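Reproduced below: query.txt, with compact mmCIF, C-alpha atoms.
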```txt
# COMPACT_ATOMS: atom_id res chain seq x y z
CA MET P 1 8.72 -5.10 -69.51
CA SER P 2 7.78 -7.01 -66.36
CA ALA P 3 5.43 -10.00 -66.53
CA ALA P 4 1.82 -9.51 -65.53
CA ALA P 5 1.01 -10.52 -61.98
CA ASN P 6 -1.29 -13.32 -63.11
CA GLU P 7 0.89 -14.70 -65.90
CA ILE P 8 1.38 -18.49 -65.87
CA PRO P 9 5.07 -19.26 -65.11
CA ARG P 10 7.24 -20.23 -68.07
CA VAL P 11 8.69 -23.71 -68.43
CA GLY P 12 11.37 -24.17 -65.78
CA ALA P 13 9.64 -22.18 -63.03
CA ILE P 14 9.15 -24.07 -59.75
CA VAL P 15 5.47 -24.58 -58.97
CA ARG P 16 4.51 -24.93 -55.33
CA THR P 17 1.28 -25.52 -53.48
CA PHE P 18 0.55 -25.79 -49.78
CA ASN P 19 -1.36 -28.88 -48.73
CA ALA P 20 -1.47 -30.61 -45.34
CA ASP P 21 -3.87 -32.42 -43.04
CA ALA P 22 -3.90 -33.99 -39.58
CA PHE P 23 -6.23 -35.68 -37.13
CA ALA P 24 -6.09 -36.63 -33.47
CA PHE P 25 -7.79 -40.01 -33.12
CA SER P 26 -9.69 -42.76 -34.90
CA ALA P 27 -10.79 -46.30 -34.05
CA ASP P 28 -12.38 -49.30 -35.73
CA ILE P 29 -13.46 -51.95 -33.21
CA GLN P 30 -14.73 -55.22 -34.68
CA ALA P 31 -15.18 -57.44 -31.58
CA PRO P 32 -16.68 -57.98 -29.04
CA ILE P 33 -18.68 -54.95 -30.24
CA GLN P 34 -18.63 -53.14 -33.55
CA LYS P 35 -17.90 -49.45 -33.23
CA ALA P 36 -16.10 -47.00 -35.48
CA ILE P 37 -14.87 -43.52 -34.60
CA GLU P 38 -14.10 -41.43 -37.67
CA LYS P 39 -11.08 -39.15 -37.71
CA GLN P 40 -11.49 -36.77 -34.78
CA ALA P 41 -10.37 -33.16 -35.12
CA PHE P 42 -9.55 -33.63 -38.81
CA VAL P 43 -8.10 -30.45 -40.30
CA GLU P 44 -6.59 -29.50 -43.63
CA LEU P 45 -5.16 -26.32 -45.06
CA PRO P 46 -8.01 -24.10 -46.25
CA SER P 47 -6.33 -23.27 -49.57
CA THR P 48 -3.33 -24.25 -51.66
CA SER P 49 -1.84 -20.81 -51.00
CA GLY P 50 -1.46 -21.55 -47.30
CA GLY P 51 -3.27 -20.40 -44.18
CA TYR P 52 -4.04 -22.05 -40.85
CA ASP P 53 -6.63 -24.37 -39.33
CA TYR P 54 -7.08 -25.79 -35.83
CA ARG P 55 -9.64 -28.11 -34.32
CA PRO P 56 -9.92 -29.57 -30.80
CA ALA P 57 -10.81 -33.21 -30.16
CA GLU P 58 -13.44 -33.74 -27.50
CA PRO P 59 -12.84 -36.56 -24.98
CA LYS P 60 -13.98 -39.90 -26.35
CA ARG P 61 -14.76 -43.30 -24.84
CA ILE P 62 -15.78 -46.57 -26.49
CA GLU P 63 -17.21 -48.55 -23.57
CA GLY P 64 -14.21 -49.76 -21.56
CA ILE P 65 -12.16 -50.56 -24.65
CA VAL P 66 -10.47 -47.29 -25.58
CA SER P 67 -10.65 -43.70 -24.39
CA HIS P 68 -8.79 -40.41 -24.40
CA ARG P 69 -9.18 -37.10 -22.56
CA GLY P 70 -9.02 -34.85 -25.64
CA GLY P 71 -6.47 -33.34 -27.95
CA TYR P 72 -6.23 -31.25 -31.11
CA ALA P 73 -4.90 -31.05 -34.64
CA GLN P 74 -3.51 -28.05 -36.50
CA VAL P 75 -2.00 -27.28 -39.89
CA GLY P 76 -0.44 -24.16 -41.31
CA GLY P 77 1.56 -22.79 -44.19
CA HIS P 78 3.14 -19.46 -45.07
CA THR P 79 6.14 -17.85 -46.75
CA ASN P 80 8.53 -15.89 -44.56
CA ALA P 81 10.35 -12.65 -45.33
CA GLU P 82 13.29 -14.53 -46.90
CA GLY P 83 10.95 -16.31 -49.33
CA THR P 84 11.16 -19.67 -47.53
CA ALA P 85 7.92 -21.66 -47.69
CA ILE P 86 7.11 -23.20 -44.28
CA THR P 87 4.45 -25.84 -43.68
CA PHE P 88 3.58 -27.74 -40.51
CA ALA P 89 1.11 -30.34 -39.29
CA THR P 90 0.51 -31.32 -35.65
CA ALA P 91 -1.70 -33.96 -34.05
CA VAL P 92 -2.04 -34.45 -30.28
CA VAL P 93 -3.92 -36.94 -28.09
CA GLU P 94 -3.98 -36.68 -24.30
CA GLY P 95 -4.79 -39.40 -21.79
CA LEU P 96 -4.84 -42.29 -24.25
CA ASN P 97 -6.02 -45.58 -22.70
CA ILE P 98 -6.45 -48.83 -24.64
CA LEU P 99 -7.85 -51.71 -22.55
CA GLU P 100 -5.91 -50.52 -19.49
CA VAL P 101 -2.83 -51.94 -21.21
CA LEU P 102 -1.47 -49.09 -23.31
CA THR P 103 -1.65 -45.69 -21.60
CA CYS P 104 0.04 -42.40 -22.47
CA ASP P 105 -0.38 -38.93 -21.00
CA ARG P 106 0.38 -37.26 -24.34
CA VAL P 107 1.13 -38.40 -27.91
CA VAL P 108 2.46 -35.69 -30.25
CA ALA P 109 3.14 -36.14 -33.97
CA GLN P 110 4.53 -33.02 -35.62
CA ILE P 111 6.25 -32.30 -38.92
CA THR P 112 7.65 -28.99 -40.19
CA THR P 113 9.08 -28.49 -43.66
CA GLU P 114 10.98 -25.52 -45.08
CA HIS P 115 11.49 -24.85 -48.80
CA ALA P 116 14.22 -22.31 -49.46
CA PRO P 117 13.67 -20.15 -52.56
CA GLY P 118 14.40 -22.07 -55.75
CA ASN P 119 14.40 -25.49 -54.06
CA LEU P 120 12.01 -28.33 -54.83
CA VAL P 121 13.14 -30.48 -51.88
CA PRO P 122 12.58 -29.17 -48.34
CA SER P 123 14.38 -29.50 -45.06
CA VAL P 124 12.26 -31.63 -42.70
CA SER P 125 12.00 -31.41 -38.91
CA PHE P 126 10.12 -33.57 -36.41
CA LEU P 127 10.84 -31.23 -33.50
CA GLY P 128 8.10 -31.54 -30.86
CA THR P 129 7.24 -35.14 -31.72
CA ARG P 130 7.19 -37.22 -28.54
CA PHE P 131 5.49 -39.53 -26.04
CA GLU P 132 4.88 -38.42 -22.47
CA ASN P 133 4.67 -41.18 -19.85
CA LEU P 134 4.05 -44.03 -22.25
CA ARG P 135 3.25 -47.20 -20.29
CA ILE P 136 2.29 -50.73 -21.18
CA ALA P 137 0.63 -52.83 -18.49
CA GLY P 138 1.72 -50.15 -16.02
CA GLN P 139 5.39 -50.43 -16.94
CA GLU P 140 7.11 -47.23 -18.04
CA ILE P 141 8.51 -47.49 -21.57
CA GLU P 142 11.84 -45.91 -22.43
CA ILE P 143 11.95 -44.56 -25.97
CA GLU P 144 15.15 -44.10 -28.00
CA PRO P 145 14.10 -41.51 -30.60
CA TYR P 146 15.34 -41.43 -34.19
CA HIS P 147 14.21 -37.97 -35.32
CA ASP P 148 17.16 -37.63 -37.69
CA ILE P 149 16.43 -40.73 -39.77
CA LEU P 150 16.00 -38.51 -42.87
CA GLY P 151 19.14 -36.57 -42.02
CA ALA P 152 19.94 -33.22 -43.58
CA LYS P 153 18.39 -32.09 -46.83
CA PRO P 154 20.13 -34.00 -49.67
CA ASP P 155 22.60 -32.12 -51.82
CA ASN P 156 21.74 -30.81 -55.28
CA ASP P 157 18.00 -30.80 -54.55
CA GLU P 158 17.95 -34.61 -54.75
CA SER P 159 14.94 -36.60 -53.52
CA TYR P 160 15.12 -38.18 -50.06
CA LEU P 161 14.11 -41.46 -51.70
CA ASN P 162 17.15 -41.28 -53.98
CA ASP P 163 19.53 -40.41 -51.14
CA GLY P 164 21.97 -43.16 -50.19
CA GLY P 165 22.19 -42.03 -46.57
CA VAL P 166 18.42 -42.16 -46.08
CA LEU P 167 18.12 -45.57 -47.73
CA SER P 168 21.03 -46.91 -45.68
CA ARG P 169 19.55 -45.73 -42.37
CA ILE P 170 16.17 -47.27 -43.17
CA ALA P 171 17.83 -50.52 -44.23
CA GLN P 172 19.78 -50.59 -40.96
CA GLN P 173 16.56 -50.05 -39.00
CA TYR P 174 14.94 -52.99 -40.78
CA SER P 175 18.02 -55.15 -40.29
CA LYS P 176 18.06 -54.43 -36.56
CA ILE P 177 14.41 -55.48 -36.25
CA ARG P 178 15.00 -58.72 -38.16
CA SER P 179 18.11 -59.54 -36.10
CA VAL P 180 16.21 -59.70 -32.80
CA VAL P 181 16.35 -63.21 -31.35
CA GLY P 182 13.00 -64.93 -31.78
CA VAL P 183 11.59 -62.36 -34.20
CA PRO P 184 8.32 -63.82 -35.57
CA ALA P 185 7.91 -64.61 -39.25
CA TRP P 186 5.36 -61.80 -39.78
CA ALA P 187 7.82 -59.18 -38.48
CA SER P 188 10.74 -60.64 -40.46
CA ASP P 189 8.64 -60.56 -43.62
CA GLN P 190 7.21 -57.08 -42.99
CA PHE P 191 10.63 -55.54 -42.39
CA ASN P 192 12.51 -57.38 -45.12
CA TRP P 193 13.59 -54.48 -47.32
CA ASP P 194 16.55 -54.31 -49.68
CA PRO P 195 17.35 -50.69 -50.61
CA ALA P 196 18.94 -51.82 -53.86
CA ALA P 197 15.67 -53.42 -54.97
CA ALA P 198 13.24 -51.23 -53.03
CA ASP P 199 10.07 -49.88 -54.57
CA ARG P 200 10.90 -46.20 -54.65
CA GLN P 201 7.20 -45.35 -54.77
CA GLN P 202 6.89 -45.84 -51.01
CA VAL P 203 9.03 -46.65 -47.97
CA LYS P 204 8.17 -46.91 -44.30
CA CYS P 205 10.38 -46.33 -41.27
CA SER P 206 10.03 -45.06 -37.70
CA LEU P 207 11.16 -42.12 -35.58
CA VAL P 208 11.65 -44.63 -32.75
CA LYS P 209 14.93 -46.56 -32.82
CA SER P 210 14.15 -48.89 -29.92
CA VAL P 211 12.07 -49.31 -26.77
CA ALA P 212 12.95 -50.74 -23.37
CA GLY P 213 10.86 -51.88 -20.42
CA ALA P 214 7.92 -53.21 -22.41
CA PRO P 215 6.29 -56.52 -21.52
CA GLY P 216 6.08 -59.05 -24.31
CA LYS P 217 8.57 -58.72 -27.16
CA SER P 218 9.94 -55.61 -28.86
CA TYR P 219 11.29 -55.30 -32.40
CA GLY P 220 12.61 -51.77 -32.82
CA HIS P 221 9.50 -49.56 -32.73
CA VAL P 222 7.13 -52.56 -32.72
CA ILE P 223 5.85 -54.11 -29.48
CA GLU P 224 3.99 -57.43 -29.42
CA VAL P 225 2.02 -57.93 -26.20
CA PRO P 226 0.43 -61.35 -25.48
CA PHE P 227 -3.37 -61.30 -25.06
CA PHE P 228 -3.42 -57.71 -26.36
CA GLY P 229 -1.97 -57.29 -29.84
CA THR P 230 0.71 -55.33 -31.70
CA ILE P 231 1.71 -51.71 -31.18
CA TYR P 232 3.55 -49.57 -33.77
CA LEU P 233 5.18 -46.34 -32.56
CA MET P 234 5.87 -43.18 -34.63
CA GLU P 235 5.79 -44.76 -38.06
CA LEU P 236 6.76 -42.52 -40.95
CA THR P 237 5.58 -43.36 -44.46
CA ILE P 238 7.15 -41.61 -47.45
CA LYS P 239 5.08 -42.08 -50.58
CA ARG P 240 5.79 -40.80 -54.07
CA VAL P 241 2.84 -39.07 -55.71
CA VAL P 242 2.38 -37.68 -59.21
CA LYS P 243 -0.39 -35.20 -59.89
CA PRO P 244 -1.59 -33.42 -63.05
CA ALA P 245 -0.23 -29.99 -63.78
CA PRO P 246 -1.99 -27.40 -61.59
CA ALA P 247 -4.53 -24.98 -62.98
CA LYS P 248 -3.51 -21.41 -63.79
CA ALA P 249 -4.75 -20.09 -60.44
CA GLU P 250 -2.81 -22.77 -58.55
CA LEU P 251 0.39 -21.79 -60.31
CA LEU P 252 0.32 -18.55 -58.38
CA SER P 253 0.54 -20.40 -55.02
CA ALA P 254 3.72 -20.99 -53.08
CA GLY P 255 5.28 -23.69 -50.93
CA PRO P 256 4.92 -27.50 -50.99
CA ARG P 257 6.48 -30.18 -48.82
CA LEU P 258 8.60 -33.16 -49.75
CA GLU P 259 9.24 -33.00 -53.48
CA SER P 260 11.31 -35.02 -55.88
CA SER P 261 14.52 -33.90 -57.49
CA ALA P 262 14.23 -31.42 -60.33
CA SER P 263 15.02 -34.17 -62.83
CA ASP P 264 11.72 -35.90 -61.93
CA SER P 265 9.64 -32.88 -62.86
CA SER P 266 7.88 -32.20 -66.15
CA ASN P 267 5.87 -29.45 -67.70
CA SER P 268 2.67 -31.52 -67.63
CA SER P 269 2.67 -32.94 -64.12
CA SER P 270 4.21 -32.50 -60.70
CA THR P 271 5.95 -35.10 -58.59
CA GLY P 272 6.04 -34.99 -54.81
CA TYR P 273 6.53 -37.12 -51.75
CA GLN P 274 3.83 -37.40 -49.14
CA LEU P 275 4.94 -37.69 -45.50
CA THR P 276 2.60 -39.39 -43.04
CA LEU P 277 3.62 -39.63 -39.38
CA THR P 278 1.44 -41.75 -37.06
CA GLY P 279 2.09 -41.60 -33.31
CA VAL P 280 0.42 -44.87 -32.26
CA THR P 281 -1.20 -47.66 -34.23
CA ALA P 282 -2.54 -50.44 -32.01
CA GLN P 283 -3.88 -53.58 -33.65
CA THR P 284 -5.67 -55.45 -30.89
CA SER P 285 -6.23 -59.20 -31.20
CA GLY P 286 -6.91 -60.41 -27.67
CA SER P 287 -10.03 -59.64 -25.70
CA THR P 288 -10.95 -57.18 -28.46
CA CYS P 289 -10.20 -57.03 -32.16
CA GLY P 290 -9.70 -53.75 -33.94
CA THR P 291 -7.39 -50.87 -34.80
CA VAL P 292 -6.78 -47.65 -32.88
CA THR P 293 -4.85 -44.73 -34.36
CA ALA P 294 -3.64 -41.79 -32.27
CA SER P 295 -2.04 -38.59 -33.62
CA GLN P 296 -1.48 -38.54 -37.38
CA ALA P 297 0.15 -35.64 -39.20
CA ASP P 298 0.36 -35.54 -42.98
CA PRO P 299 2.06 -32.61 -44.70
CA ASN P 300 1.77 -33.28 -48.41
CA GLY P 301 2.54 -31.28 -51.48
CA THR P 302 3.50 -31.17 -55.13
CA GLY P 303 6.17 -29.41 -57.08
CA GLY P 304 7.45 -29.40 -60.61
CA LYS P 305 8.27 -27.31 -63.63
CA GLY P 306 5.65 -24.82 -64.62
CA SER P 307 4.18 -24.90 -68.12
CA GLY P 308 2.94 -22.14 -70.34
CA GLY P 309 4.38 -18.72 -70.96
CA GLY P 310 5.59 -17.79 -74.34
```
Mind turning this structure into structure tokens?
Amino acid sequence: MSAAANEIPRVGAIVRTFNADAFAFSADIQAPIQKAIEKQAFVELPSTSGGYDYRPAEPKRIEGIVSHRGGYAQVGGHTNAEGTAITFATAVVEGLNILEVLTCDRVVAQITTEHAPGNLVPSVSFLGTRFENLRIAGQEIEIEPYHDILGAKPDNDESYLNDGGVLSRIAQQYSKIRSVVGVPAWASDQFNWDPAAADRQQVKCSLVKSVAGAPGKSYGHVIEVPFFGTIYLMELTIKRVVKPAPAKAELLSAGPRLESSASDSSNSSSTGYQLTLTGVTAQTSGSTCGTVTASQADPNGTGGKGSGGG
């Protein structure tokens, strides 16, 4: 006899929920004026079972300090005919201008994940992520992208944070930053990461391997500009999260994002990995002091063994 449609999955069933959010722009200026812009065009999936949401960002200006000409954010999740759960998050800012120093026609942060049937760990793509006409002090910046830093989906449904290839590539990125001649102490300390002793709860890397043509000094994806501040490009944070077991209704949903290996799951909680991709983070410390964030996409999810049944 077939199980009822609303029966809670038995132990061993893979539990999936859609969950993603994104926003286009935010700012927190502390000096010479105090002004905060909350997350513009913030969107999140309307339900754990998937769906779609989109919101435009109206043009914004904070005096002559920072401005943009608009943008949008969107999130979506669905299951295709083959049973693959697909989730995406996109954040876009157009005409970004920070103190007439950092300008960019278009900043796009985009993540797509695909969970094949029976898999806890998804394939991840950053296709579409890019900068268009990024300039600093009028000088065109050449970007060497690193969209494959996560590589292919690990074998045997293993977590990305337990994958030797992923850890090695991130370690190499850190080592390259620290090997730059004249790297300041703050950068050497910030990017001093040993994969053998790393905190597997969270790691940070970048989808930018290097930049060329920038004034000041560059350390991989980080640019330090005198009399302006520090710019971080396309930073990706992978954070491990553990959540309580979902309610009965949530067990009927389908399709998370970056989950742990099956061995990390339990029948009382779910373990996942949250991906956060930020196009531009500018920490100004010259004529103004503050933080500007442009284009952040955050597909997040949980997965684990279902409980119940009998």
Write out as an mmCIF file with C-alpha atoms, in the frame of the given file each polymer residue whose atoms come within 7 Å of range 83-96 of chain P, counting all atoms listed in the file; drop sequence neighbours fewer than 2 positions from it.
```
data_model
loop_
_atom_site.group_PDB
_atom_site.id
_atom_site.type_symbol
_atom_site.label_atom_id
_atom_site.label_comp_id
_atom_site.auth_asym_id
_atom_site.auth_seq_id
_atom_site.Cartn_x
_atom_site.Cartn_y
_atom_site.Cartn_z
ATOM 1 C CA ALA P 20 -1.470 -30.610 -45.340
ATOM 2 C CA ASP P 21 -3.870 -32.420 -43.040
ATOM 3 C CA ALA P 22 -3.900 -33.990 -39.580
ATOM 4 C CA PHE P 23 -6.230 -35.680 -37.130
ATOM 5 C CA ALA P 24 -6.090 -36.630 -33.470
ATOM 6 C CA SER P 67 -10.650 -43.700 -24.390
ATOM 7 C CA HIS P 68 -8.790 -40.410 -24.400
ATOM 8 C CA ARG P 69 -9.180 -37.100 -22.560
ATOM 9 C CA GLY P 70 -9.020 -34.850 -25.640
ATOM 10 C CA GLY P 71 -6.470 -33.340 -27.950
ATOM 11 C CA TYR P 72 -6.230 -31.250 -31.110
ATOM 12 C CA ALA P 73 -4.900 -31.050 -34.640
ATOM 13 C CA GLN P 74 -3.510 -28.050 -36.500
ATOM 14 C CA VAL P 75 -2.000 -27.280 -39.890
ATOM 15 C CA GLY P 76 -0.440 -24.160 -41.310
ATOM 16 C CA GLY P 77 1.560 -22.790 -44.190
ATOM 17 C CA HIS P 78 3.140 -19.460 -45.070
ATOM 18 C CA THR P 79 6.140 -17.850 -46.750
ATOM 19 C CA ASN P 80 8.530 -15.890 -44.560
ATOM 20 C CA ALA P 81 10.350 -12.650 -45.330
ATOM 21 C CA ILE P 98 -6.450 -48.830 -24.640
ATOM 22 C CA THR P 103 -1.650 -45.690 -21.600
ATOM 23 C CA CYS P 104 0.040 -42.400 -22.470
ATOM 24 C CA ASP P 105 -0.380 -38.930 -21.000
ATOM 25 C CA ARG P 106 0.380 -37.260 -24.340
ATOM 26 C CA VAL P 107 1.130 -38.400 -27.910
ATOM 27 C CA VAL P 108 2.460 -35.690 -30.250
ATOM 28 C CA ALA P 109 3.140 -36.140 -33.970
ATOM 29 C CA GLN P 110 4.530 -33.020 -35.620
ATOM 30 C CA ILE P 111 6.250 -32.300 -38.920
ATOM 31 C CA THR P 112 7.650 -28.990 -40.190
ATOM 32 C CA THR P 113 9.080 -28.490 -43.660
ATOM 33 C CA GLU P 114 10.980 -25.520 -45.080
ATOM 34 C CA HIS P 115 11.490 -24.850 -48.800
ATOM 35 C CA ALA P 116 14.220 -22.310 -49.460
ATOM 36 C CA PRO P 117 13.670 -20.150 -52.560
ATOM 37 C CA ALA P 254 3.720 -20.990 -53.080
ATOM 38 C CA GLY P 255 5.280 -23.690 -50.930
ATOM 39 C CA ALA P 294 -3.640 -41.790 -32.270
ATOM 40 C CA SER P 295 -2.040 -38.590 -33.620
ATOM 41 C CA GLN P 296 -1.480 -38.540 -37.380
ATOM 42 C CA ALA P 297 0.150 -35.640 -39.200
ATOM 43 C CA ASP P 298 0.360 -35.540 -42.980
ATOM 44 C CA PRO P 299 2.060 -32.610 -44.700
#
```
Between CA of Phe228 in chain P and CA of Ile65 in chain P, what is the spacing in Å?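 Separating CA of Ile65 in chain P from CA of Phe228 in chain P is a distance of 11.4 Å.
What separates CA of Ser125 in chain P from CA of Glu38 in chain P is a distance of 28.0 Å.
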To one decimal place in Å, what is the distance between CA of Ala31 in chain P and CA of Arg61 in chain P?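 Between CA of Ala31 in chain P and CA of Arg61 in chain P the gap works out to 15.7 Å.
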Would you mind telling me which residue in P:Lys60, P:Lys217, P:Arg178, P:His147 lies nearest to Leu127 in chain P when using all atoms listed in the file?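 Checking each candidate against Leu127 in chain P, we get P:His147 as the closest.
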Using all atoms listed in the file, pick whichever of P:Asp28, P:Asp189, P:Glu63, P:Glu100 has the shortest atom-to-atom distance to Gln139 in chain P.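 When distances to Gln139 in chain P are compared using all atoms listed in the file, the smallest one comes from P:Glu100.
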Would you list the residues near (-11.2, -39.0, -35.4), meaning any protein, DNA or RNA residue with an atom at most 8 Å from that point in file coordinates, counting only C-alpha atoms, as a list in words? Phe23, Ala24, Phe25, Ser26, Ala27, Ile37, Glu38, Lys39, Gln40, Ala41, Phe42 and Ala57 of chain P
Counting only C-alpha atoms, what is within 12 Å of Asp148 in chain P, bar same-chain residues fewer than 5 positions away, as a PDB file with C-alpha atoms, keeping the file's coordinate frame?
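The file below, selection-v2.pdb, is the result:
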```
ATOM      1  CA  SER P 123      14.380 -29.500 -45.060  1.00  0.00           C
ATOM      2  CA  VAL P 124      12.260 -31.630 -42.700  1.00  0.00           C
ATOM      3  CA  SER P 125      12.000 -31.410 -38.910  1.00  0.00           C
ATOM      4  CA  PHE P 126      10.120 -33.570 -36.410  1.00  0.00           C
ATOM      5  CA  LEU P 127      10.840 -31.230 -33.500  1.00  0.00           C
ATOM      6  CA  THR P 129       7.240 -35.140 -31.720  1.00  0.00           C
ATOM      7  CA  LYS P 153      18.390 -32.090 -46.830  1.00  0.00           C
ATOM      8  CA  GLY P 165      22.190 -42.030 -46.570  1.00  0.00           C
ATOM      9  CA  VAL P 166      18.420 -42.160 -46.080  1.00  0.00           C
ATOM     10  CA  ARG P 169      19.550 -45.730 -42.370  1.00  0.00           C
ATOM     11  CA  ILE P 170      16.170 -47.270 -43.170  1.00  0.00           C
ATOM     12  CA  CYS P 205      10.380 -46.330 -41.270  1.00  0.00           C
ATOM     13  CA  SER P 206      10.030 -45.060 -37.700  1.00  0.00           C
ATOM     14  CA  LEU P 207      11.160 -42.120 -35.580  1.00  0.00           C
ATOM     15  CA  VAL P 208      11.650 -44.630 -32.750  1.00  0.00           C
ATOM     16  CA  LYS P 209      14.930 -46.560 -32.820  1.00  0.00           C
ATOM     17  CA  LEU P 236       6.760 -42.520 -40.950  1.00  0.00           C
TER      18      LEU P 236
END
```
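For the set P:Asn97, P:Ser179, P:Gln201, P:Ser168, the residue with the smallest atom-to-atom gap to Val280 in chain P is P:Asn97, counting only C-alpha atoms.
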